[in-house]
Every structure is written in structure tokens, then in C-alpha cells.
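Colleague: The following block contains the structure, expressed as C-alpha cells.
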Amino acid sequence: MPNNLNIKKLVARYGVGKIPAFHKDYIYLVCNAIISGLNKLDGKRMQHPQKSEPYYVPLCSEILKELIGDKYSLVLDWMICTGIIECDNHFIVGVVSKGYRFTSHYQNSGKRWITVTNKYLMAKDVAAIIDNGYNFLPRVVQRLEKWFHKDKLKIDAKTAYEVINQIEAEGLRKAKKSKNKIKKIQRVRAKACQYRNSVRSIDEGEYRISRDSGFGYRVFTPITKLSKKFRSLVTYDGKPLVEIDIVASQLFFSTFLLNYRYWLAPKYKTSKPYLHELWDNIQIQKKDQTITNTNNNTIDTKKESYNTITLLKNSETLYGYGFQEHAIFQNYYDAGIYESVVSKLDEIDFFPANFTPKKKRKKVKKTLLKQLFSNPTDPEHWHLLNGQNRAILGCFEALYPEVMKVYQPIKQGYYKDLCSLMQRIESISIIGFVCKRMQAEYPDIPIFILHDCIVTTEGNELLVKEVMKQGIQEFIGYAPKFDVKYWSGYNELISPYIIESDNGELLYLEAIEQFYMEPVRIRA
């Protein structure tokens, strides 16, 4: 709970006559849910994908009702009236709940722990209810919990906290000199709070694994929440960790959609398991239904699904073999997607003269993914799809027109469905085929999920990489390229502010850039 929150004083000042069977723990529960939710917000902007302003954390009314009862709305109203929290009053049924955040008075304070005394709440596994359990491959995910062993999974918390304090102090110093200093101070402190919570959860052994219940089925753990800055400080059973990463993973997984057979899964039996979970609630796959998108255009989803299947069938017939195996897509799923777009952009002198190949690829990757996942009707996304940035998406579409024809009808129903499908294909591959195989064949090798990566102890990386290759190939039909990253060699923490450019020059304060979303130039 916020360090400066005094429930007794607030109750004495405002009273709680309208809340039946009031208990202070109900207030603490809401505070805890907001603080926990901050860790799940976008790492740089501290913003939820469905929220227009930062720090708003969606709180599910059904979960609050289960924990607090029918009076949960009165509790929230009381907290708003007393100035503890504020609400954005924005929700979309079945998509996102109302968002809540602390007012500036409590948002900028430190945090402290309290002990629950309400017998009703003590009898419930509150964290499990808030996390909403596991809705996809629960046994595989539950087995992952055994590696979060307090005596084995360690972090050098002392060093981590020192770095966080330095980052926060420097961030506050810069924020106080800026024009919009209040919001920037809030952002700095919220980010520092997120850092401390993620370090503390590992240091104190407060492990909780949760699942994204409907969007991408991703797993969230203390490892996924930990910033890259502190990875070199983490060990398991005294051994440093190593990450096996999939190169160009998002677009690699999307090529699964280029096989028309997988679009038939909701209707027909298939040899590919988990496809019903993949297409669950994706609007283009809803049967005999028309929907109205954000442009107020009526879309026949059954027709769009049929058109996409027909496109893929015709393309496969034209090439004489599997659409995915055609030569023009070889570099697409062989981790050459971004490089091919860069090459196309070089033909029109798109990049500044001082851009290195590495910087060009980074620019294309970051912008292209934002474009593919953007909302065409949102004014805030206009700059992604128009102006200079339009050339990046245009080159991608020119290189892979059939791929864009598959993407477009998916985005027409609901623009986030494409992102959801990519994450679901990733989760099914990693959890359903890689982790499941590791648990069956190598139960003694520790593994941690980092979305599209698997983290293990040094010495096991080659074996895990081979299992990842076999498991993903079994589901997708072919294997991606991998990048092995040793956390013990990750040197950002050694110099937490200054990092090197591609040519070795010291460029900017990386930590401050994360707070302000803009580079801060310094002398080398």
C-alpha cells in the first residue's frame, strides 16, 4: 500500500456509513491490485494498451465482487471521494475494465507492506483469484513454478537497489528542470517503483505465476517483469542464466497463418492441436456473423474468412506446392524480413547518411511492428501510417503483398486480433510444444519462460535450443533462427546510464531515455 496512506484518519474525517460491514482490508486490497497492476503496464510509458493516459490499471469488477462482495462499488466510490484513487470511467465490455490509479498525493509516495486481518480475505487465495488462474495448458504452466525456488533463484538485490536509486535520483533531477515536471516526476517514481517491486519479488521469494487469460495466453513471472538492467545479477543454484531467443519472432510466428488448413480448425478436426484455443474469440473466425468496425463499416466475417482461405489456396495452387515453402517467403521466415525491408528502403535513400546497418534494422523493426499493430482510426497512430513512416509499411507490402492480404482482414474485425494471434501462436509453440517436451524429456533442467524465449542455466543452452527447434518445427512446420544471450555478459548494469553506439562512441543516458522517451546527449 502507499506509504502515506492513513485509513484511520480518512475514516474519522469522512466516515463509512454507506459501506456495510466496512473493513480497512478492502481498501488495502484495491491498493494492492493497483500496485501489482503497475508492473504489467507498458515498460516505457507505464500505460495499458487500452488506456489513453498512463498509470491507469484496469480492475475487473467480477474479481472485486468475488473478493469484496456486492459492496465493492461503494468501496471504490469511497476511495475516489476521499482522494485515494481516481477513475478514467472508460471501459469496453469484454475487452477492458475501468482503469484506476492513485492520485498524485499517493502516487509519489513510497510503498509499505501491511498484514491482512479480515478473516474472509485470509481464507481466500487472493493472488490466485486476481491472476485468474490458468486457462491454457494449466499443468505445463504449474510445473514451471517449481523452478521459482527461494533458496536457488537469487538476485544481488543490494546492487540492484543502488542502481535504481541512482536512476531515480538522476531522473528526478532532470524532471524538476523540465516544463511538464509533475507528470515526468510521476513517471520517474512509478518506473522506479516498478523496478523495486520486480527485484523485491525475486529477492524475498514472493513468486507468483499468472496467465494472460484471453489475449495472447502469455505467462507472466518475476523473470518476465525484471528489467534487462538487472539480468546479470540473477543466478539459479549459483549458476548464471542464459537466454535462447527467437530471431524476428513476431513475424516468424505470423507465417503460421499462411497455411489455409489452419484457418479451418474451428470447423474441422485437424492434426494440429490447440487450434481451437488459437482462434477463440477472433472476430474473423466467428461463424455466420457480421460486425461493425470502428469505421462503422459492416464486415461479413464469414465472407472475409472464406476470402482469405481462397487466397491462400489459390496461391498454393499457383506455386504448385505449399505457399509457405515458396522462394519469395524463404527470407521472410528465415529471419531476413527486416533486412529485406531495409534493402528496399535503401533504394530510395530513406535513412540518414549516418545510420549504420544495425540502426537501420532497429528502426524498421520497431516502426513496422507498431504499424502492423496500430489502430488506423486512432488519431494518435496517424503518424505511424502516414508521412515518412508510410514508406516502411509500403516497402513491406511491396515485398510481401500476399502476407498483407492475410493481415488486413484480421485487423478489420478488431485491430488487436493480429497481435493476439501472433502472441497465441508464440504461446502455443513455447508452452505447448517446447516446455511440455522439456518437462517430459529433461525434467531436471531448469527453464523459465520469457515470452518468445526460454531462459536456463549456462551449460544447458545447446540442449534447450535443440528442443526449441524441434518443438517449434513440430507445430509451425519449420524452425526459426535463434540468438543465444548470456546474462552474465550483459554489461548495461556496469555502466547503467552510458551505453555505446554501433561505432563505439558513448551516446546517451539510456536510463533517462526510458523515462522521457527522448535521447539525452552527453559528451563521451
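By order of appearance in the C-alpha cells: chains A, B, ..., then residues from 1 within every chain, and ligands from 1 in the order shown.
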May I have the residues within 12 Å of range 376-379 of chain A as a PDB file with C-alpha atoms, in the first residue's frame, using only C-alpha atoms and disregarding those fewer than 3 positions away in the same chain?
Modeller:
```pdb
ATOM      1  CA  GLN A  50      -6.498   0.123 -23.987  1.00  0.00           C
ATOM      2  CA  SER A  52      -5.151   6.667 -23.354  1.00  0.00           C
ATOM      3  CA  ASN A 293     -15.676  -1.985 -37.070  1.00  0.00           C
ATOM      4  CA  THR A 294     -14.500   1.382 -35.785  1.00  0.00           C
ATOM      5  CA  ASN A 295     -15.105   2.955 -39.224  1.00  0.00           C
ATOM      6  CA  ASN A 296     -18.777   1.902 -38.999  1.00  0.00           C
ATOM      7  CA  LYS A 370       3.918  -0.639 -34.379  1.00  0.00           C
ATOM      8  CA  GLN A 371       2.330  -0.144 -37.810  1.00  0.00           C
ATOM      9  CA  LEU A 372       1.033  -3.705 -38.014  1.00  0.00           C
ATOM     10  CA  PHE A 373      -0.472  -3.485 -34.529  1.00  0.00           C
ATOM     11  CA  TRP A 382      -1.759   8.640 -37.610  1.00  0.00           C
ATOM     12  CA  HIS A 383       1.966   9.371 -37.729  1.00  0.00           C
ATOM     13  CA  LEU A 384       2.731   5.643 -37.922  1.00  0.00           C
ATOM     14  CA  LEU A 385       0.720   5.080 -41.083  1.00  0.00           C
ATOM     15  CA  ASN A 386       1.314   8.371 -42.868  1.00  0.00           C
ATOM     16  CA  GLN A 408      -5.690  -6.907 -43.409  1.00  0.00           C
ATOM     17  CA  LYS A 411      -7.287  -6.269 -38.465  1.00  0.00           C
ATOM     18  CA  GLN A 412     -10.601  -5.186 -39.986  1.00  0.00           C
ATOM     19  CA  TYR A 414     -10.682  -5.806 -34.423  1.00  0.00           C
ATOM     20  CA  TYR A 415      -7.298  -4.216 -34.930  1.00  0.00           C
ATOM     21  CA  LYS A 416      -5.696  -6.027 -31.981  1.00  0.00           C
TER      22      LYS A 416
END
```
Colleague: DSSP on the backbone: which residues in range 424-468 of chain A end up as helix (DSSP H, G or I)? Give the answer as a PyMOL selection string.
Modeller: chain A and resi 424-441+461-468
Colleague: Distance CA of Glu458 in chain A-CA of Ala157 in chain A, one decimal place?
Modeller: 21.0 Å
Colleague: Pick the closest to Leu258 in chain A from A:Met468, A:Ile476, A:Cys453, A:Ile209: which is it, counting only C-alpha atoms?
Modeller: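 Checking each of A:Met468, A:Ile476, A:Cys453, A:Ile209 against Leu258 in chain A, counting only C-alpha atoms, the winner is A:Ile476.
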Colleague: Which residues, written as a list in words, have at least one atom at most 12 Å from Lys359 in chain A, with only C-alpha atoms counted and residues fewer than 3 positions away on the same chain left out?
Modeller: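 Result of the neighbour search: Tyr338, Glu339, Val342, Phe351, Pro352, Ala353, Asn354, Phe355, Thr356, Lys362, Lys363, Val364, Lys365, Lys366, Ser501, Asp502 and Asn503 of chain A.
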Colleague: So that I can check the surroundings of Gly394 in chain A, please list as a list in words every protein, DNA and RNA residue that reaches within 10 Å of it, counting only C-alpha atoms and ignoring chain neighbours fewer than 5 positions away.
Modeller: Val341, Lys344, Leu345, Leu368, Leu385, Asn389, Leu399, Tyr400 and Pro401 of chain A
Colleague: Quick one: residues within 6 Å of Leu153 in chain A, only C-alpha atoms, excluding same-chain residues fewer than 4 positions away - as a ChimeraX atom specification?
Modeller: /A:149,235-236
Colleague: Work out how far apart CA of Arg437 in chain A and CA of Thr456 in chain A are and give it in Å to one decimal.
Modeller: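 CA of Thr456 in chain A lies 14.7 Å from CA of Arg437 in chain A.
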Colleague: Could you build a table of the residues in range 61-114 of chain A lying no more than 10 Å from range 33-38 of chain A, giving for each the nearest pair of atoms and their separation in Å rounded to one decimal place, using only C-alpha atoms, ordered by chain and ascending residue number, as JSON lines?
Modeller:
```
{"residue": "A:Leu64", "atom": "CA", "partner": "A:Ala33", "partner_atom": "CA", "distance": 9.6}
{"residue": "A:Ile85", "atom": "CA", "partner": "A:Ile34", "partner_atom": "CA", "distance": 9.5}
{"residue": "A:Gly99", "atom": "CA", "partner": "A:Ile34", "partner_atom": "CA", "distance": 9.3}
{"residue": "A:Tyr100", "atom": "CA", "partner": "A:Ile34", "partner_atom": "CA", "distance": 7.1}
{"residue": "A:Arg101", "atom": "CA", "partner": "A:Ile34", "partner_atom": "CA", "distance": 6.6}
{"residue": "A:Phe102", "atom": "CA", "partner": "A:Ile34", "partner_atom": "CA", "distance": 8.0}
{"residue": "A:Gln107", "atom": "CA", "partner": "A:Ile35", "partner_atom": "CA", "distance": 9.7}
{"residue": "A:Lys111", "atom": "CA", "partner": "A:Ile35", "partner_atom": "CA", "distance": 9.0}
```
Colleague: Just to be explicit: take each residue in the selection above, keep N, CA and C atoms, and write the result as a PDB file, in the first residue's frame.
Modeller:
```
ATOM      1  N   LEU A  64     -13.323  -8.182  -8.173  1.00  0.00           N
ATOM      2  CA  LEU A  64     -13.561  -7.371  -6.973  1.00  0.00           C
ATOM      3  C   LEU A  64     -14.829  -7.831  -6.258  1.00  0.00           C
ATOM      4  N   ILE A  85      -7.812   7.376  -4.912  1.00  0.00           N
ATOM      5  CA  ILE A  85      -7.662   6.946  -6.296  1.00  0.00           C
ATOM      6  C   ILE A  85      -8.544   7.806  -7.203  1.00  0.00           C
ATOM      7  N   GLY A  99     -10.345   1.846 -15.584  1.00  0.00           N
ATOM      8  CA  GLY A  99      -8.990   1.990 -15.082  1.00  0.00           C
ATOM      9  C   GLY A  99      -8.946   2.852 -13.828  1.00  0.00           C
ATOM     10  N   TYR A 100      -8.083   2.474 -12.895  1.00  0.00           N
ATOM     11  CA  TYR A 100      -7.916   3.217 -11.647  1.00  0.00           C
ATOM     12  C   TYR A 100      -6.437   3.487 -11.416  1.00  0.00           C
ATOM     13  N   ARG A 101      -6.142   4.617 -10.788  1.00  0.00           N
ATOM     14  CA  ARG A 101      -4.772   4.932 -10.415  1.00  0.00           C
ATOM     15  C   ARG A 101      -4.797   5.779  -9.148  1.00  0.00           C
ATOM     16  N   PHE A 102      -3.667   5.829  -8.451  1.00  0.00           N
ATOM     17  CA  PHE A 102      -3.564   6.667  -7.264  1.00  0.00           C
ATOM     18  C   PHE A 102      -3.530   8.136  -7.685  1.00  0.00           C
ATOM     19  N   GLN A 107       0.535   8.636  -5.332  1.00  0.00           N
ATOM     20  CA  GLN A 107       1.316   8.021  -6.400  1.00  0.00           C
ATOM     21  C   GLN A 107       2.806   8.246  -6.203  1.00  0.00           C
ATOM     22  N   LYS A 111       6.236   2.745  -0.820  1.00  0.00           N
ATOM     23  CA  LYS A 111       5.289   1.658  -0.559  1.00  0.00           C
ATOM     24  C   LYS A 111       5.682   0.938   0.720  1.00  0.00           C
TER      25      LYS A 111
END
```
Colleague: Fewer than 2 positions away in the same chain doesn't count, so skip those; otherwise give me all residues within 8 Å of Val75 in chain A, counting only C-alpha atoms, as a PyMOL selection string.
Modeller: chain A and resi 19+26-27+71-73+77-79
Colleague: Restricting the output to N, CA and C atoms, write the selected residues as a PDB file, in the first residue's frame.
Modeller:
```
ATOM      1  N   ILE A  19     -21.100   2.135   3.605  1.00  0.00           N
ATOM      2  CA  ILE A  19     -20.491   0.849   3.241  1.00  0.00           C
ATOM      3  C   ILE A  19     -20.809  -0.181   4.330  1.00  0.00           C
ATOM      4  N   TYR A  26     -10.392  -4.033   2.734  1.00  0.00           N
ATOM      5  CA  TYR A  26     -10.958  -3.857   1.404  1.00  0.00           C
ATOM      6  C   TYR A  26     -10.227  -2.729   0.666  1.00  0.00           C
ATOM      7  N   ILE A  27      -9.875  -1.686   1.407  1.00  0.00           N
ATOM      8  CA  ILE A  27      -9.120  -0.587   0.824  1.00  0.00           C
ATOM      9  C   ILE A  27      -7.727  -1.059   0.432  1.00  0.00           C
ATOM     10  N   LYS A  71     -20.628  -4.897  -2.338  1.00  0.00           N
ATOM     11  CA  LYS A  71     -20.299  -3.534  -1.899  1.00  0.00           C
ATOM     12  C   LYS A  71     -19.008  -3.001  -2.514  1.00  0.00           C
ATOM     13  N   TYR A  72     -18.428  -3.761  -3.434  1.00  0.00           N
ATOM     14  CA  TYR A  72     -17.144  -3.342  -3.994  1.00  0.00           C
ATOM     15  C   TYR A  72     -17.234  -1.961  -4.658  1.00  0.00           C
ATOM     16  N   SER A  73     -18.371  -1.679  -5.311  1.00  0.00           N
ATOM     17  CA  SER A  73     -18.517  -0.380  -5.975  1.00  0.00           C
ATOM     18  C   SER A  73     -18.551   0.765  -4.961  1.00  0.00           C
ATOM     19  N   ASP A  77     -16.029   3.906  -4.780  1.00  0.00           N
ATOM     20  CA  ASP A  77     -16.552   5.280  -4.713  1.00  0.00           C
ATOM     21  C   ASP A  77     -15.987   6.031  -3.514  1.00  0.00           C
ATOM     22  N   TRP A  78     -15.886   5.337  -2.379  1.00  0.00           N
ATOM     23  CA  TRP A  78     -15.348   5.963  -1.164  1.00  0.00           C
ATOM     24  C   TRP A  78     -13.887   6.346  -1.366  1.00  0.00           C
ATOM     25  N   MET A  79     -13.130   5.470  -2.006  1.00  0.00           N
ATOM     26  CA  MET A  79     -11.717   5.749  -2.251  1.00  0.00           C
ATOM     27  C   MET A  79     -11.544   6.924  -3.212  1.00  0.00           C
TER      28      MET A  79
END
```
Colleague: Name the residues of range 107-273 of chain A that come out as strand (DSSP E or B) in a backbone DSSP run; write them as a list in words.
Modeller: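 Everything in range 107-273 of chain A that counts as strand (DSSP E or B) is Lys111, Leu153, Lys154, Ile155, Ser210, Arg211, Val219, Phe220, Val234, Thr235, Tyr236, Lys239, Pro240, Leu241, Val242, Glu243, Ile244, Asp245 and Ile246 of chain A.
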Colleague: Given only C-alpha atoms as the basis, pick out the residue of A:Ile167, A:Leu393, A:Cys193, A:Val467 nearest to Met438 in chain A.
Modeller: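 Going through A:Ile167, A:Leu393, A:Cys193, A:Val467 one by one, the smallest distance to Met438 in chain A is for A:Val467.
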Colleague: Pick from A:Leu137, A:Ile246, A:Ile282, A:Leu41: nearest to Val455 in chain A, with only C-alpha atoms counted?
Modeller: A:Ile246
